[in-house]
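Colleague: Quick one: the structure is below, questions incoming.
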Amino acid sequence: MSSIASESDLRADEQAVGTPAIPPTWYFIASLISGLLLSACFPPLSWSFLVWLAFIPLLLIPPPSSWGLRLLVGYFWGYVHAASSLLWLNEVGFGAGWLLSLYCALYPMLWYFLFSAATWWLRQSPAPEYSGAGLLYIHALPRTIFLCFFAASSWCALEWLRSWLFTGFPWNQLGISQYQCVSLLQSAAYLGVYGLSFLIVFVNMSLSVEFCQALRRKLAQKGRRFTWHLLLCVLLFVPVLCWNMNAKMEFNEESEQLMALVVQGDIPQCRNWTEQEFQQALQVYTGLTREEALLEPRPDLVVWPESAVPAAIDYPEYAESLRQLQDFTQTPLLLGATNYRQDPVDPEEYNLFNSAFLLDAKARVINYYDKIHPVPFGEYVPGSKYWPWLVELIGMGRDLSSGSKYTVFDMPKGAKAGVNICFEDVFPEISRRFTQRGANLLFTITNDSWYNQSAGSKQHLSHVVFRAVENRRPLLRSGSNSDTCMISPRGEILGIMRDPKSGSYFTRGAMRFALPVRDDWGETFYTRYGNLFAACCVIFTTLSCAALFGTWFNRKKKLFEEISA
């Protein structure tokens, strides 16, 4: 980087060329196109192939020289993507999707700012035949390769930051768009979702750089002819394809199978339940269970989703109905429900938990798991301890407590299951902790009825596919209104509940799933080491930013000395 031209030389060259200013409108058109292309990669459209090209409109247009305009263009790009992909969240009310997008847009904004700054700092003295700035100004191969790695690493570093900052929102990370591409999914067993995110940005960068090199050869009759960046892309795909070949995991027919009967009620969600809504949900779930539980093949386990019935599990009528149901089916029941428990510190206070319960044939609680990561502003309101009125103003009328124990349920046929409750399955660390504690099956019980018949449930499903691959465990997803399915350790969606007439995923019914129970699934690299790849991206990004800042500082210092001389 020491050979980078001085600021004064660059300005003199630009003035000599007569570089025309790019109208700000073009920046916003490019960011609009890129933002919409990114959103089209996720459900409901799921045009996942577009993600390999979605960055290009924004990468090809020369970055603004103004820091303020860089931030503004990056924020607009991020907001377009976030707001259009989170439209389903507005079903909750109060423009939740629009509001959350204001926050999510900060990360693409910061990435575009870093990318623009790196492009500006790495540029070389422009030849007279090229006007403008951007990738055309960077001719040296080491610099363009560095920029590709920096862009991909910094994107992953910011995705990692978004996954935990302010309790975390790791929703629609770039790699998630490939949830239906089983051959690429296998990288998650080693690198998590960040490996695919890195590869996607690297491919977009490489295509953009090679396009600029081709343009340079066309206009100036000079420049590199060998496509080194595309060769690098091929080399990066080699381990991904090798991992896919090594992951041909077939279910052993001779192994034990846990037959699970999953009930999906498809009942409209209510914020404050009434006695009529309670009775409706109770009749639907108990009725479907009674109809199916005694049919062959007999289930070893019945599964209901999160908050299947809108009442605490110890609500007298609910508890009595569960006793009668269990006496009839004689089958263990896994269900989600709220419950109040006495505060161990202050016995006069009672804490409300969102929990998963495993009941035996007599409706006794065998074990339970309290949701460790409740949804901010949905299940609890940050700061409510000091400002209780916030719960009613911007919350959902409740303030749930967090659990602290990663419970692994002992189930029939030797199954040991870790159960994610709703939003928890977008956090890979939770499923990883279950697996490390001996889980040979993973479950998700979720209530996506809040979002009606929108893309929310399908986007939610796309994340849980990665949890199965990361830990090489079968995963059973029990949805309240849609997308009840089973996912193989390779990420294949092997069965999904549909309406037999319309084919819609939004349906009421019950479905059996045969879950393979094995103790020899093994431990993946990801289960053992977690987000090691993301940590490497963070380190590389940090060191690169420090180096680039040092280059900028030395350039400014040299310019100041020249002026002062």
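We name chains A, B, ... following the order of the structure tokens; residues begin at 1 in each chain, and ligands are numbered from 1 as shown.
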Tyr194 of chain A: which residues within 8 Å, counting only C-alpha atoms, same-chain residues fewer than 2 positions away excluded, as a compact mmCIF listing (two decimals) with N, CA and C atoms, in the first residue's frame?

Modeller:
```
# COMPACT_ATOMS: atom_id res chain seq x y z
N CYS A 156 -19.05 -10.45 6.66
CA CYS A 156 -19.27 -11.50 7.66
C CYS A 156 -19.07 -10.96 9.07
N GLU A 159 -22.21 -9.17 9.93
CA GLU A 159 -23.29 -10.12 10.21
C GLU A 159 -23.13 -10.73 11.59
N GLY A 175 -26.02 -16.00 3.57
CA GLY A 175 -25.96 -17.44 3.35
C GLY A 175 -27.28 -18.13 3.49
N ALA A 188 -21.88 -25.38 6.16
CA ALA A 188 -22.33 -24.90 7.48
C ALA A 188 -21.83 -25.81 8.60
N LEU A 191 -18.22 -24.03 8.77
CA LEU A 191 -18.06 -22.57 8.85
C LEU A 191 -19.31 -21.85 9.33
N GLY A 192 -20.41 -22.60 9.57
CA GLY A 192 -21.67 -21.94 9.88
C GLY A 192 -22.21 -21.23 8.65
N LEU A 196 -20.95 -19.31 3.69
CA LEU A 196 -21.68 -19.00 2.46
C LEU A 196 -21.79 -17.50 2.25
N SER A 197 -22.00 -16.75 3.32
CA SER A 197 -22.06 -15.29 3.19
C SER A 197 -20.75 -14.76 2.62
N PHE A 198 -19.63 -15.27 3.11
CA PHE A 198 -18.32 -14.87 2.61
C PHE A 198 -18.21 -15.18 1.12
N PHE A 533 -14.80 -19.37 12.09
CA PHE A 533 -14.59 -18.67 10.82
C PHE A 533 -15.01 -17.21 10.93
N ALA A 534 -16.14 -16.96 11.58
CA ALA A 534 -16.59 -15.57 11.76
C ALA A 534 -15.58 -14.79 12.58
```

Colleague: For segment 472-487 of chain A, please output as an MDAnalysis selection string all residues within 7 Å (counting only C-alpha atoms; exclusion window: fewer than 2 positions along the same chain).

Modeller: chainID A and resid 262 264:267 304:305 308 440:449 457:458 465 468:470 489:497 505:507 513 521 524

Colleague: Please list as a PyMOL selection string every residue within 10 Å of Ser187 of chain A, counting only C-alpha atoms and excluding residues in the same chain fewer than 3 positions away.

Modeller: chain A and resi 182-184+190-196+237+239-244+247+466+469-470+526

Colleague: Write the selection just made, keeping C-alpha atoms, as a CSV table (one decimal), in the first residue's frame?

Modeller:
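The resulting result.csv:
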```
chain,number,residue,atom,x,y,z
A,182,VAL,CA,-28.2,-28.9,-0.4
A,183,SER,CA,-24.8,-29.1,-2.1
A,184,LEU,CA,-23.7,-25.7,-0.7
A,190,TYR,CA,-17.6,-26.3,9.3
A,191,LEU,CA,-18.1,-22.6,8.9
A,192,GLY,CA,-21.7,-21.9,9.9
A,193,VAL,CA,-23.8,-19.7,7.7
A,194,TYR,CA,-20.9,-17.2,7.5
A,195,GLY,CA,-19.0,-19.4,5.1
A,196,LEU,CA,-21.7,-19.0,2.5
A,237,PHE,CA,-15.8,-23.7,-4.2
A,239,PRO,CA,-13.8,-27.4,-0.3
A,240,VAL,CA,-17.5,-26.7,-0.4
A,241,LEU,CA,-18.1,-29.4,-3.0
A,242,CYS,CA,-15.7,-31.8,-1.2
A,243,TRP,CA,-17.7,-31.3,2.0
A,244,ASN,CA,-20.9,-32.1,0.1
A,247,ALA,CA,-21.8,-35.6,3.7
A,466,PHE,CA,-28.8,-24.5,8.9
A,469,VAL,CA,-26.6,-29.1,9.1
A,470,GLU,CA,-24.3,-27.3,11.5
A,526,TYR,CA,-18.9,-26.3,13.9
```

Colleague: When you look at Gly456 of chain A with a cut-off of 8 Å (counting only C-alpha atoms), what residues show up, excluding the ones that are within fewer than 3 positions of it in the same chain? I need them as a count of residues only.

Modeller: 7

Colleague: Tell me which of A:Gln453, A:Asp425, A:Arg162, A:Glu317 sits closest to Leu87 of chain A, counting only C-alpha atoms.

Modeller: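 The closest residue to Leu87 of chain A is A:Gln453.
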